[in-house]
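The structure file target-v1.tsv is reproduced below (TSV, C-alpha atoms and all ligand atoms).
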chain	number	residue	atom	x	y	z
P	1	MET	CA	13.38	4.95	14.94
P	2	LYS	CA	16.45	7.13	14.44
P	3	ASN	CA	17.52	6.13	10.93
P	4	ILE	CA	14.75	4.97	8.62
P	5	LEU	CA	15.02	3.36	5.19
P	6	VAL	CA	12.02	3.36	2.84
P	7	THR	CA	12.19	0.90	-0.08
P	8	GLY	CA	10.02	1.52	-3.16
P	9	ALA	CA	9.93	5.18	-2.09
P	10	LEU	CA	9.06	6.59	-5.52
P	11	GLY	CA	5.78	4.64	-5.65
P	12	GLN	CA	2.23	5.73	-4.86
P	13	ILE	CA	2.54	5.22	-1.10
P	14	GLY	CA	6.30	5.76	-0.64
P	15	SER	CA	6.31	9.21	-2.25
P	16	GLU	CA	3.87	10.45	0.40
P	17	LEU	CA	5.12	8.37	3.34
P	18	VAL	CA	8.68	9.75	3.02
P	19	VAL	CA	7.39	13.34	3.28
P	20	GLU	CA	5.41	12.58	6.45
P	21	LEU	CA	8.22	10.55	8.04
P	22	ARG	CA	10.65	13.43	7.43
P	23	LYS	CA	8.19	15.88	9.02
P	24	LYS	CA	8.04	13.68	12.12
P	25	TYR	CA	11.57	12.28	12.48
P	26	GLY	CA	13.69	14.86	10.61
P	27	ARG	CA	14.81	15.28	7.01
P	28	ASN	CA	18.13	13.47	7.33
P	29	SER	CA	16.73	10.57	9.38
P	30	VAL	CA	14.77	9.17	6.46
P	31	VAL	CA	16.58	7.60	3.50
P	32	ALA	CA	14.33	7.17	0.47
P	33	SER	CA	15.28	4.42	-1.98
P	34	ASP	CA	14.03	2.89	-5.21
P	35	LEU	CA	15.32	1.38	-8.45
P	36	LYS	CA	16.02	4.58	-10.34
P	37	THR	CA	17.43	8.08	-9.94
P	38	PRO	CA	14.47	10.39	-9.21
P	39	ASP	CA	13.79	13.96	-10.36
P	40	PRO	CA	16.23	16.56	-8.99
P	41	GLU	CA	13.36	17.95	-6.88
P	42	VAL	CA	13.06	14.64	-4.99
P	43	MET	CA	16.84	14.47	-4.56
P	44	LYS	CA	16.77	17.89	-2.89
P	45	GLU	CA	14.19	16.78	-0.31
P	46	GLY	CA	16.57	14.49	1.62
P	47	PRO	CA	18.87	11.45	1.43
P	48	TYR	CA	18.20	9.15	-1.52
P	49	GLU	CA	19.83	5.84	-2.53
P	50	ILE	CA	19.31	3.35	-5.33
P	51	VAL	CA	18.31	0.03	-3.73
P	52	ASP	CA	17.19	-3.09	-5.62
P	53	VAL	CA	15.49	-5.31	-3.05
P	54	THR	CA	16.14	-8.43	-5.11
P	55	SER	CA	19.81	-7.96	-4.14
P	56	ARG	CA	20.62	-8.57	-0.50
P	57	THR	CA	23.95	-6.74	-0.92
P	58	SER	CA	22.20	-3.67	-2.29
P	59	ILE	CA	20.05	-3.48	0.89
P	60	GLU	CA	22.98	-4.25	3.21
P	61	ASN	CA	25.19	-1.52	1.74
P	62	VAL	CA	22.62	1.19	2.40
P	63	VAL	CA	21.67	-0.17	5.84
P	64	ASP	CA	25.37	-0.08	6.85
P	65	LYS	CA	26.09	3.30	5.24
P	66	HIS	CA	23.20	5.06	7.00
P	67	LYS	CA	23.16	2.97	10.22
P	68	ILE	CA	19.53	2.10	9.49
P	69	ASP	CA	17.45	0.82	12.45
P	70	THR	CA	13.96	0.84	10.87
P	71	ILE	CA	12.77	-0.22	7.42
P	72	PHE	CA	9.47	0.62	5.76
P	73	HIS	CA	9.51	-2.01	3.02
P	74	LEU	CA	7.24	-0.81	0.18
P	75	ALA	CA	9.02	-2.10	-2.94
P	76	ALA	CA	6.65	-4.43	-4.76
P	77	ILE	CA	4.98	-5.38	-8.02
P	78	LEU	CA	1.21	-4.91	-7.68
P	79	SER	CA	-1.60	-7.25	-8.74
P	80	ALA	CA	-2.28	-6.40	-12.39
P	81	LYS	CA	1.39	-5.93	-13.30
P	82	GLY	CA	2.11	-9.11	-11.33
P	83	GLU	CA	-0.35	-11.16	-13.41
P	84	GLN	CA	1.36	-9.87	-16.56
P	85	ASN	CA	4.75	-10.90	-15.19
P	86	PRO	CA	4.38	-13.41	-12.33
P	87	GLN	CA	8.10	-14.25	-12.35
P	88	LEU	CA	8.99	-10.60	-11.69
P	89	ALA	CA	6.34	-10.41	-8.95
P	90	PHE	CA	7.77	-13.53	-7.29
P	91	ASN	CA	11.28	-12.15	-7.44
P	92	VAL	CA	10.56	-8.64	-6.16
P	93	ASN	CA	7.82	-9.52	-3.66
P	94	ILE	CA	9.00	-12.83	-2.20
P	95	ILE	CA	12.79	-12.75	-2.68
P	96	GLY	CA	12.76	-9.01	-1.90
P	97	MET	CA	10.85	-9.61	1.35
P	98	TYR	CA	13.19	-12.48	2.27
P	99	ASN	CA	16.23	-10.26	1.64
P	100	VAL	CA	14.81	-7.45	3.80
P	101	LEU	CA	14.08	-9.92	6.63
P	102	GLU	CA	17.53	-11.51	6.37
P	103	VAL	CA	19.25	-8.11	6.47
P	104	GLY	CA	16.96	-7.24	9.38
P	105	ARG	CA	17.99	-10.36	11.27
P	106	ASP	CA	21.69	-10.03	10.46
P	107	ARG	CA	22.02	-6.26	11.09
P	108	LYS	CA	19.70	-6.32	14.14
P	109	ILE	CA	17.18	-3.91	12.62
P	110	GLN	CA	14.76	-2.77	15.36
P	111	LYS	CA	11.58	-2.61	13.29
P	112	ILE	CA	10.35	-3.55	9.82
P	113	ILE	CA	6.97	-2.29	8.60
P	114	VAL	CA	5.60	-3.92	5.45
P	115	PRO	CA	2.18	-3.67	3.81
P	116	SER	CA	0.28	-6.78	2.85
P	117	SER	CA	-2.96	-6.45	0.88
P	118	ILE	CA	-6.57	-7.54	0.48
P	119	ALA	CA	-4.99	-9.62	-2.33
P	120	ALA	CA	-3.92	-12.09	0.38
P	121	PHE	CA	-7.56	-13.25	0.32
P	122	GLY	CA	-9.04	-15.32	-2.50
P	123	PRO	CA	-12.25	-16.58	-4.07
P	124	ASP	CA	-12.94	-18.95	-1.12
P	125	THR	CA	-12.64	-16.20	1.51
P	126	PRO	CA	-15.91	-14.81	2.97
P	127	LYS	CA	-16.55	-11.60	1.02
P	128	ASP	CA	-18.33	-9.40	3.53
P	129	ASN	CA	-16.84	-8.17	6.79
P	130	THR	CA	-13.95	-10.54	6.08
P	131	PRO	CA	-12.40	-11.61	9.39
P	132	ASN	CA	-8.74	-11.08	10.25
P	133	GLU	CA	-8.30	-14.84	10.62
P	134	THR	CA	-9.79	-16.57	7.60
P	135	ILE	CA	-9.02	-18.51	4.41
P	136	LEU	CA	-5.89	-17.20	2.66
P	137	ARG	CA	-5.92	-18.90	-0.72
P	138	PRO	CA	-5.29	-16.16	-3.30
P	139	SER	CA	-5.53	-16.67	-7.06
P	140	THR	CA	-2.84	-14.16	-8.16
P	141	MET	CA	0.95	-14.28	-7.85
P	142	TYR	CA	0.71	-10.91	-6.08
P	143	GLY	CA	-1.66	-12.46	-3.52
P	144	VAL	CA	0.54	-15.52	-3.12
P	145	SER	CA	3.51	-13.22	-2.49
P	146	LYS	CA	1.55	-11.23	0.09
P	147	VAL	CA	0.53	-14.36	2.03
P	148	ALA	CA	4.16	-15.52	1.87
P	149	GLY	CA	5.28	-12.10	3.17
P	150	GLU	CA	2.83	-12.24	6.08
P	151	LEU	CA	3.90	-15.76	7.02
P	152	LEU	CA	7.61	-14.99	6.67
P	153	GLY	CA	7.26	-11.85	8.79
P	154	ASN	CA	5.41	-13.77	11.51
P	155	TYR	CA	8.05	-16.52	11.32
P	156	TYR	CA	10.97	-14.08	11.75
P	157	PHE	CA	9.18	-12.55	14.73
P	158	THR	CA	8.70	-15.91	16.43
P	159	LYS	CA	12.01	-17.46	15.44
P	160	TYR	CA	14.39	-14.48	15.71
P	161	GLY	CA	12.46	-11.87	17.70
P	162	LEU	CA	12.60	-9.51	14.68
P	163	ASP	CA	9.88	-6.89	15.12
P	164	VAL	CA	8.02	-7.10	11.79
P	165	ARG	CA	4.63	-5.41	11.46
P	166	GLY	CA	2.15	-5.20	8.63
P	167	VAL	CA	-1.37	-4.44	7.47
P	168	ARG	CA	-3.60	-5.72	4.68
P	169	PHE	CA	-4.22	-2.51	2.78
P	170	PRO	CA	-7.35	-2.09	0.67
P	171	GLY	CA	-7.06	-0.13	-2.61
P	172	ILE	CA	-5.32	3.17	-1.91
P	173	ILE	CA	-6.73	6.34	-3.51
P	174	SER	CA	-4.48	9.39	-3.89
P	175	TRP	CA	-3.72	12.34	-6.15
P	176	LYS	CA	0.03	12.94	-5.74
P	177	THR	CA	1.63	9.89	-7.43
P	178	PRO	CA	-0.29	7.61	-9.79
P	179	PRO	CA	-0.73	3.99	-8.71
P	180	GLY	CA	1.77	1.47	-10.00
P	181	GLY	CA	-0.26	-1.26	-11.74
P	182	GLY	CA	-2.92	-2.60	-9.40
P	183	THR	CA	-6.50	-3.77	-9.85
P	184	THR	CA	-7.90	-0.92	-7.75
P	185	ASP	CA	-6.27	1.70	-10.03
P	186	TYR	CA	-9.68	2.49	-11.62
P	187	ALA	CA	-10.68	4.23	-8.38
P	188	VAL	CA	-7.88	6.74	-9.02
P	189	ALA	CA	-8.00	6.89	-12.84
P	190	ILE	CA	-11.69	7.86	-12.78
P	191	PHE	CA	-10.82	11.12	-10.99
P	192	TYR	CA	-8.13	12.08	-13.54
P	193	ASP	CA	-10.40	11.33	-16.51
P	194	ALA	CA	-13.43	12.99	-14.92
P	195	ILE	CA	-11.47	16.24	-14.58
P	196	LYS	CA	-9.55	16.04	-17.86
P	197	TYR	CA	-12.17	14.60	-20.25
P	198	GLY	CA	-15.53	14.40	-18.44
P	199	LYS	CA	-15.69	10.69	-19.26
P	200	TYR	CA	-14.12	7.43	-18.11
P	201	GLU	CA	-14.05	3.86	-19.37
P	202	CYS	CA	-13.87	1.66	-16.30
P	203	PHE	CA	-12.09	-1.72	-16.50
P	204	VAL	CA	-14.33	-3.41	-13.90
P	205	ARG	CA	-18.12	-3.85	-13.86
P	206	GLU	CA	-20.24	-1.14	-12.27
P	207	ASP	CA	-21.36	-3.50	-9.47
P	208	THR	CA	-17.76	-4.32	-8.42
P	209	VAL	CA	-17.45	-3.50	-4.71
P	210	LEU	CA	-14.00	-3.32	-3.11
P	211	PRO	CA	-12.60	-1.90	0.13
P	212	MET	CA	-10.68	1.37	-0.37
P	213	MET	CA	-8.75	3.89	1.71
P	214	TYR	CA	-7.65	7.50	1.10
P	215	MET	CA	-3.90	8.13	1.27
P	216	PRO	CA	-3.77	10.27	4.47
P	217	ASP	CA	-5.40	7.36	6.32
P	218	ALA	CA	-2.94	4.89	4.75
P	219	ILE	CA	0.01	7.01	5.92
P	220	LYS	CA	-1.55	7.20	9.39
P	221	VAL	CA	-1.89	3.39	9.40
P	222	LEU	CA	1.81	2.87	8.71
P	223	MET	CA	3.05	5.54	11.12
P	224	ASP	CA	0.69	4.54	13.94
P	225	LEU	CA	1.46	0.84	13.59
P	226	ALA	CA	5.19	1.60	13.62
P	227	GLU	CA	4.79	3.52	16.89
P	228	ALA	CA	2.38	1.07	18.56
P	229	ASP	CA	3.52	-0.52	21.80
P	230	ILE	CA	4.52	-4.07	20.96
P	231	LYS	CA	3.02	-5.26	24.26
P	232	ASN	CA	-0.44	-4.53	22.81
P	233	LEU	CA	0.10	-6.36	19.49
P	234	LYS	CA	-1.36	-9.83	19.34
P	235	HIS	CA	-0.91	-9.92	15.56
P	236	HIS	CA	2.15	-8.86	13.61
P	237	CYS	CA	2.12	-8.81	9.80
P	238	ASP	CA	-1.54	-9.37	9.00
P	239	TYR	CA	-3.85	-6.68	10.36
P	240	ASN	CA	-7.01	-5.99	8.32
P	241	VAL	CA	-7.51	-2.22	8.01
P	242	ALA	CA	-10.67	-0.73	6.53
P	243	ALA	CA	-12.01	2.73	5.75
P	244	MET	CA	-14.75	2.56	3.08
P	245	SER	CA	-16.27	0.13	0.59
P	246	PHE	CA	-18.17	1.10	-2.56
P	247	SER	CA	-19.04	-0.12	-6.06
P	248	ALA	CA	-17.54	1.48	-9.16
P	249	LYS	CA	-21.01	2.89	-9.87
P	250	GLU	CA	-21.30	4.41	-6.38
P	251	LEU	CA	-17.92	6.09	-6.82
P	252	ALA	CA	-18.99	7.50	-10.19
P	253	ALA	CA	-22.20	8.82	-8.58
P	254	GLU	CA	-20.23	10.51	-5.79
P	255	ILE	CA	-17.95	12.22	-8.35
P	256	GLN	CA	-21.01	13.25	-10.42
P	257	LYS	CA	-22.27	15.24	-7.42
P	258	ILE	CA	-19.33	17.60	-8.13
P	259	ILE	CA	-18.73	16.91	-11.86
P	260	PRO	CA	-22.30	16.22	-13.14
P	261	GLU	CA	-21.19	15.96	-16.78
P	262	LEU	CA	-19.06	12.85	-16.04
P	263	LYS	CA	-20.07	9.88	-18.24
P	264	VAL	CA	-18.80	6.44	-17.20
P	265	THR	CA	-18.82	3.32	-19.38
P	266	TYR	CA	-17.79	-0.14	-18.22
P	267	LYS	CA	-15.55	-2.49	-20.20
P	268	PRO	CA	-14.23	-5.21	-17.86
P	269	ASP	CA	-10.82	-6.69	-18.73
P	270	PHE	CA	-8.55	-9.30	-17.05
P	271	ARG	CA	-8.58	-7.27	-13.84
P	272	GLN	CA	-12.28	-8.08	-13.27
P	273	LYS	CA	-11.37	-11.64	-12.30
P	274	ILE	CA	-8.82	-10.34	-9.79
P	275	ALA	CA	-11.34	-7.88	-8.31
P	276	ASP	CA	-13.96	-10.66	-8.08
P	277	SER	CA	-11.55	-12.76	-5.98
P	278	TRP	CA	-11.18	-10.06	-3.28
P	279	PRO	CA	-13.44	-9.16	-0.33
P	280	ARG	CA	-16.08	-6.43	-0.49
P	281	SER	CA	-15.51	-5.29	3.09
P	282	LEU	CA	-13.22	-6.08	6.01
P	283	ASP	CA	-13.52	-6.62	9.74
P	284	ASP	CA	-10.64	-4.53	11.12
P	285	SER	CA	-11.51	-4.86	14.82
P	286	ALA	CA	-8.09	-6.35	15.65
P	287	ALA	CA	-6.33	-3.20	14.39
P	288	ARG	CA	-8.87	-0.98	16.16
P	289	ASN	CA	-8.56	-2.82	19.47
P	290	GLU	CA	-4.82	-3.52	19.50
P	291	TRP	CA	-3.38	-0.18	18.29
P	292	GLY	CA	-6.30	2.20	18.02
P	293	TRP	CA	-6.77	2.30	14.23
P	294	LYS	CA	-9.62	4.57	13.11
P	295	PRO	CA	-10.08	6.08	9.63
P	296	GLU	CA	-10.82	9.77	9.05
P	297	TYR	CA	-12.05	9.66	5.46
P	298	ASP	CA	-15.29	8.27	4.02
P	299	ILE	CA	-16.22	8.27	0.31
P	300	LYS	CA	-17.69	11.80	0.45
P	301	LYS	CA	-14.75	13.47	2.20
P	302	MET	CA	-12.24	11.57	0.05
P	303	THR	CA	-14.01	12.49	-3.21
P	304	GLU	CA	-14.25	16.19	-2.36
P	305	GLU	CA	-10.54	16.35	-1.47
P	306	MET	CA	-9.41	14.29	-4.48
P	307	ILE	CA	-11.25	16.60	-6.91
P	308	ARG	CA	-10.03	19.75	-5.16
P	309	GLU	CA	-6.37	18.64	-5.16
P	310	LEU	CA	-6.38	17.12	-8.65
P	311	LYS	CA	-7.95	20.24	-10.16
P	312	LYS	CA	-5.01	22.25	-8.77
P	313	LYS	CA	-2.48	19.64	-9.95
P	314	LEU	CA	-3.90	19.31	-13.48
P	315	LYS	CA	-4.35	23.08	-14.09
Z	401	LIG	P1	3.90	1.22	-6.38
Z	401	LIG	O1	3.82	0.24	-7.49
Z	401	LIG	O2	3.30	2.55	-6.59
Z	401	LIG	O3	5.42	1.44	-5.95
Z	401	LIG	C1	6.29	0.38	-5.78
Z	401	LIG	C2	7.69	0.88	-5.96
Z	401	LIG	O4	8.57	-0.24	-5.85
Z	401	LIG	C3	7.95	1.51	-7.35
Z	401	LIG	O5	8.42	2.83	-7.20
Z	401	LIG	C4	8.99	0.60	-7.99
Z	401	LIG	O6	9.97	1.30	-8.76
Z	401	LIG	C5	9.63	-0.03	-6.77
Z	401	LIG	N1	10.28	-1.31	-7.07
Z	401	LIG	C6	9.89	-2.27	-7.94
Z	401	LIG	N2	10.80	-3.25	-7.99
Z	401	LIG	C7	11.78	-2.93	-7.10
Z	401	LIG	C8	13.00	-3.54	-6.70
Z	401	LIG	N3	13.40	-4.69	-7.23
Z	401	LIG	N4	13.74	-2.90	-5.76
Z	401	LIG	C9	13.36	-1.73	-5.23
Z	401	LIG	N5	12.24	-1.08	-5.61
Z	401	LIG	C10	11.45	-1.69	-6.52
Z	401	LIG	O7	3.31	0.52	-5.08
Z	401	LIG	P2	2.58	1.20	-3.84
Z	401	LIG	O8	1.17	1.34	-4.20
Z	401	LIG	O9	3.32	2.38	-3.37
Z	401	LIG	O10	2.65	-0.01	-2.79
Z	401	LIG	C11	3.54	-0.04	-1.71
Z	401	LIG	C12	3.24	-1.27	-0.89
Z	401	LIG	O11	1.88	-1.22	-0.45
Z	401	LIG	C13	3.38	-2.59	-1.66
Z	401	LIG	O12	3.83	-3.59	-0.81
Z	401	LIG	C14	1.96	-2.91	-2.06
Z	401	LIG	O13	1.76	-4.29	-2.25
Z	401	LIG	C15	1.20	-2.40	-0.87
Z	401	LIG	N6	-0.19	-2.11	-1.17
Z	401	LIG	C16	-0.54	-1.08	-1.97
Z	401	LIG	C17	-1.87	-0.85	-2.25
Z	401	LIG	C18	-2.31	0.26	-3.14
Z	401	LIG	O14	-3.49	0.35	-3.47
Z	401	LIG	N7	-1.42	1.16	-3.56
Z	401	LIG	C19	-2.84	-1.67	-1.69
Z	401	LIG	C20	-2.46	-2.74	-0.91
Z	401	LIG	C21	-1.12	-2.94	-0.62
Z	402	LIG	N1	-4.31	-1.83	-4.83
Z	402	LIG	C1	-3.62	-3.10	-4.88
Z	402	LIG	C2	-3.79	-3.74	-6.20
Z	402	LIG	O1	-4.81	-3.52	-6.80
Z	402	LIG	C3	-4.14	-4.00	-3.79
Z	402	LIG	O2	-3.08	-4.56	-3.15
Z	402	LIG	O3	-2.93	-4.48	-6.59
Could you write out this file's structure as structure tokens?
Amino acid sequence: MKNILVTGALGQIGSELVVELRKKYGRNSVVASDLKTPDPEVMKEGPYEIVDVTSRTSIENVVDKHKIDTIFHLAAILSAKGEQNPQLAFNVNIIGMYNVLEVGRDRKIQKIIVPSSIAAFGPDTPKDNTPNETILRPSTMYGVSKVAGELLGNYYFTKYGLDVRGVRFPGIISWKTPPGGGTTDYAVAIFYDAIKYGKYECFVREDTVLPMMYMPDAIKVLMDLAEADIKNLKHHCDYNVAAMSFSAKELAAEIQKIIPELKVTYKPDFRQKIADSWPRSLDDSAARNEWGWKPEYDIKKMTEEMIRELKKKLK
């Protein structure tokens, strides 16, 4: 992992992953990339390139220019945005993944790390302690694209020996960069509105339970999986990873321990159906056994840190 490319680097996860990768591997070893020119502050932090993953040439040019040997492929359209524009989600998530794999095969990239999602599961999947190996029949284009990505990654590993690795992330909660249009975004938005207005209108029902993870754990997942000894990996692109599961009401109650004046109302919209199609909790024993995954944050620790950091940010 000498020269690393991160696609979708301006997004919720990429903006924090790039910082941690640069701390570990060196500022100039990590090339951040996304569709647009970022703020001057981001440009100053290290190498940055415009890369559109729907164009194979766009990826190839940057891979050649920077002699890239590792790709963290994060560019994607998330679930809610994907249901509003399934054609865009297909193009970015499936064609983009195919392009990254093809460049990987052609340019002999050593490692590709790519997140899948709990969206790979669907209404027929067992909802509690969902096994790693189970029914993958999603009901969203985002989910379809994530299953396709897992299968393509596994195929390129078997067929071409390309080292592709991935995890099924739950909803990611963070304070630095807002989420980019997912169904689990309420679990971030509630913190902003609690601090700014003391009230929040939640777009899923109060009894909606979903698996979630705090960003430092998500970064650890990606960096640890990238470094894991391939000899120990029996899976490749489809590891369940879990940290905490809670209902929207339980999250509100945890925040109210610190911000008692918070009032939450519930007005479910189209995202409720997406949330209802996903598991409530995951069995992540494969990740724990094969590469030592273990979360550090539970709902209490995450909530305390989110409120502390967001209060500073929103001052
Ligand atoms: P995000 O929406 O915050 O960021 C995605 C980035 O991709 C954006 O900056 C966007 O500009 C960029 N992008 C879109 N189209 C592109 C294109 N054609 N070429 C290049 N870049 C493009 O997403 P995120 O939350 O950072 O997610 C990163 C990865 O993690 C995705 O694969 C996502 O499916 C997965 N994931 C995220 C979550 C979560 O809760 N955040 C949960 C499960 C899985
Ligand atoms: N957080 C993501 C979403 O809601 C899950 O992949 O789309």
Let me make sure I understand: among P:Ala89, P:Leu233, P:Val147, P:Ala187, which one has the smallest atom-to-atom distance to P:Asp163 if we use all atoms listed in the file?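 Ranking P:Ala89, P:Leu233, P:Val147, P:Ala187 by distance to P:Asp163, first place goes to P:Leu233.
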Between P:Pro170, P:Gly8, P:Pro47, P:Gly26, which has the minimum distance to P:Asn93 (counting all atoms listed in the file)?
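Checking each of P:Pro170, P:Gly8, P:Pro47, P:Gly26 against P:Asn93, counting all atoms listed in the file, the winner is P:Gly8.
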Judged by all atoms listed in the file, the minimum distance to P:Val92 among P:Tyr192, P:Tyr142, P:Phe72, P:Tyr266 is found for P:Tyr142
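Shortest atom-to-atom contact with ligand LIG 402 (chain Z) among P:Ser79, P:Gln84, P:Ser29, P:Ser285: P:Ser79, counting all atoms listed in the file.
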Shortest contact to P:Gln87, candidates P:Leu251, P:Ser145, P:Lys257, P:Gly198, atoms counted only C-alpha atoms, goes to P:Ser145
Between P:Val51, P:Val6, P:Val31, P:Ile112, smallest distance to ligand LIG 401 (chain Z) by only C-alpha atoms and all ligand atoms belongs to P:Val51
Q.
As a quick test: using all atoms listed in the file, which residues lie no more than 6 Å away from ligand LIG 402 (chain Z)? Give them as a list in words.
A.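 Counting only what the definition allows, namely all atoms listed in the file, the set is Leu78, Ser79, Ser117, Ile118, Ala119, Pro170, Gly171, Ile172, Gly182, Thr183 and Thr184 of chain P.
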Surrounding residues as JSON, numbers by chain, ligand LIG 401 (chain Z), max 8 Å, all atoms listed in the file: {"P": [7, 8, 9, 10, 11, 12, 13, 14, 15, 33, 34, 35, 36, 50, 51, 52, 53, 54, 55, 73, 74, 75, 76, 77, 78, 79, 91, 92, 93, 96, 114, 115, 116, 117, 118, 119, 142, 146, 168, 169, 170, 171, 172, 173, 177, 178, 179, 180, 181, 182, 184, 185, 212]}
re atom CA of P:Thr208 and atom CA of P:Gly143: distance 18.7 Å
One decimal place gives the atom CA of P:Phe270-atom CA of P:Phe90 separation as 19.5 Å
task = Can you work out the spacing between atom CA of P:Asn154 and atom CA of P:Asn129 in Å, to one decimal?
result =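 For atom CA of P:Asn154 relative to atom CA of P:Asn129, the distance reads 23.4 Å.
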Residue contacts of stretch 228-232 of chain P (9 Å, only C-alpha atoms) excluding same-chain residues fewer than 3 positions away, as a compact mmCIF listing (two decimals) with C-alpha atoms, in the coordinates of the input:
# COMPACT_ATOMS: atom_id res chain seq x y z
CA ASP P 163 9.88 -6.89 15.12
CA MET P 223 3.05 5.54 11.12
CA ASP P 224 0.69 4.54 13.94
CA LEU P 225 1.46 0.84 13.59
CA ASN P 289 -8.56 -2.82 19.47
CA GLU P 290 -4.82 -3.52 19.50
CA TRP P 291 -3.38 -0.18 18.29
CA GLY P 292 -6.30 2.20 18.02
So that I can see what lies close to P:Tyr197, please list as a PyMOL selection string the residues with an atom at most 12 Å from it, counting all atoms listed in the file and leaving out residues fewer than 2 positions away in the same chain. chain P and resi 189-195+199-201+259+261-264+314
Write a file of the just-selected residues containing C-alpha atoms, as a compact mmCIF listing (two decimals), in the frame of the given file.
# COMPACT_ATOMS: atom_id res chain seq x y z
CA ALA P 189 -8.00 6.89 -12.84
CA ILE P 190 -11.69 7.86 -12.78
CA PHE P 191 -10.82 11.12 -10.99
CA TYR P 192 -8.13 12.08 -13.54
CA ASP P 193 -10.40 11.33 -16.51
CA ALA P 194 -13.43 12.99 -14.92
CA ILE P 195 -11.47 16.24 -14.58
CA LYS P 199 -15.69 10.69 -19.26
CA TYR P 200 -14.12 7.43 -18.11
CA GLU P 201 -14.05 3.86 -19.37
CA ILE P 259 -18.73 16.91 -11.86
CA GLU P 261 -21.19 15.96 -16.78
CA LEU P 262 -19.06 12.85 -16.04
CA LYS P 263 -20.07 9.88 -18.24
CA VAL P 264 -18.80 6.44 -17.20
CA LEU P 314 -3.90 19.31 -13.48
Padding of 3 Å on every side, edges along x, y and z, all listed atoms of stretch 54-70 of chain P included: what centre and edge lengths in Å, to one decimal, does that box have, as AutoDock Vina command-line options?
--center_x 20.0 --center_y -1.8 --center_z 3.7 --size_x 18.1 --size_y 19.6 --size_z 23.6
Which protein, DNA or RNA residues are at most 10 Å from (-12.9, -7.2, -14.1) in the file's coordinates when you count all atoms listed in the file, listed as a PDB file with C-alpha atoms, keeping the file's coordinate frame?
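Listing of selection.pdb after writing:
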ATOM      1  CA  THR P 183      -6.500  -3.770  -9.850  1.00  0.00           C
ATOM      2  CA  CYS P 202     -13.870   1.660 -16.300  1.00  0.00           C
ATOM      3  CA  PHE P 203     -12.090  -1.720 -16.500  1.00  0.00           C
ATOM      4  CA  VAL P 204     -14.330  -3.410 -13.900  1.00  0.00           C
ATOM      5  CA  ARG P 205     -18.120  -3.850 -13.860  1.00  0.00           C
ATOM      6  CA  GLU P 206     -20.240  -1.140 -12.270  1.00  0.00           C
ATOM      7  CA  THR P 208     -17.760  -4.320  -8.420  1.00  0.00           C
ATOM      8  CA  TYR P 266     -17.790  -0.140 -18.220  1.00  0.00           C
ATOM      9  CA  LYS P 267     -15.550  -2.490 -20.200  1.00  0.00           C
ATOM     10  CA  PRO P 268     -14.230  -5.210 -17.860  1.00  0.00           C
ATOM     11  CA  ASP P 269     -10.820  -6.690 -18.730  1.00  0.00           C
ATOM     12  CA  PHE P 270      -8.550  -9.300 -17.050  1.00  0.00           C
ATOM     13  CA  ARG P 271      -8.580  -7.270 -13.840  1.00  0.00           C
ATOM     14  CA  GLN P 272     -12.280  -8.080 -13.270  1.00  0.00           C
ATOM     15  CA  LYS P 273     -11.370 -11.640 -12.300  1.00  0.00           C
ATOM     16  CA  ILE P 274      -8.820 -10.340  -9.790  1.00  0.00           C
ATOM     17  CA  ALA P 275     -11.340  -7.880  -8.310  1.00  0.00           C
ATOM     18  CA  ASP P 276     -13.960 -10.660  -8.080  1.00  0.00           C
ATOM     19  CA  SER P 277     -11.550 -12.760  -5.980  1.00  0.00           C
TER      20      SER P 277
END
| request: Fewer than 4 positions away in the same chain doesn't count, so skip those; otherwise give me all residues within 9 Å of P:Gly104, counting all atoms listed in the file, as a PyMOL selection string. | output: chain P and resi 69-71+99-100+108-112+162
Emit the selected residues as a PDB file, keeping the file's coordinate frame, including C-alpha atoms.
ATOM      1  CA  ASP P  69      17.450   0.820  12.450  1.00  0.00           C
ATOM      2  CA  THR P  70      13.960   0.840  10.870  1.00  0.00           C
ATOM      3  CA  ILE P  71      12.770  -0.220   7.420  1.00  0.00           C
ATOM      4  CA  ASN P  99      16.230 -10.260   1.640  1.00  0.00           C
ATOM      5  CA  VAL P 100      14.810  -7.450   3.800  1.00  0.00           C
ATOM      6  CA  LYS P 108      19.700  -6.320  14.140  1.00  0.00           C
ATOM      7  CA  ILE P 109      17.180  -3.910  12.620  1.00  0.00           C
ATOM      8  CA  GLN P 110      14.760  -2.770  15.360  1.00  0.00           C
ATOM      9  CA  LYS P 111      11.580  -2.610  13.290  1.00  0.00           C
ATOM     10  CA  ILE P 112      10.350  -3.550   9.820  1.00  0.00           C
ATOM     11  CA  LEU P 162      12.600  -9.510  14.680  1.00  0.00           C
TER      12      LEU P 162
END
Margin query: Can you tell me which residues surround P:Phe246 at a distance of at most 7 Å, considering only C-alpha atoms, apart from same-chain residues fewer than 3 positions away, and format the answer as a list in words?
Written below: Val209, Leu210, Pro211, Glu250 and Leu251 of chain P
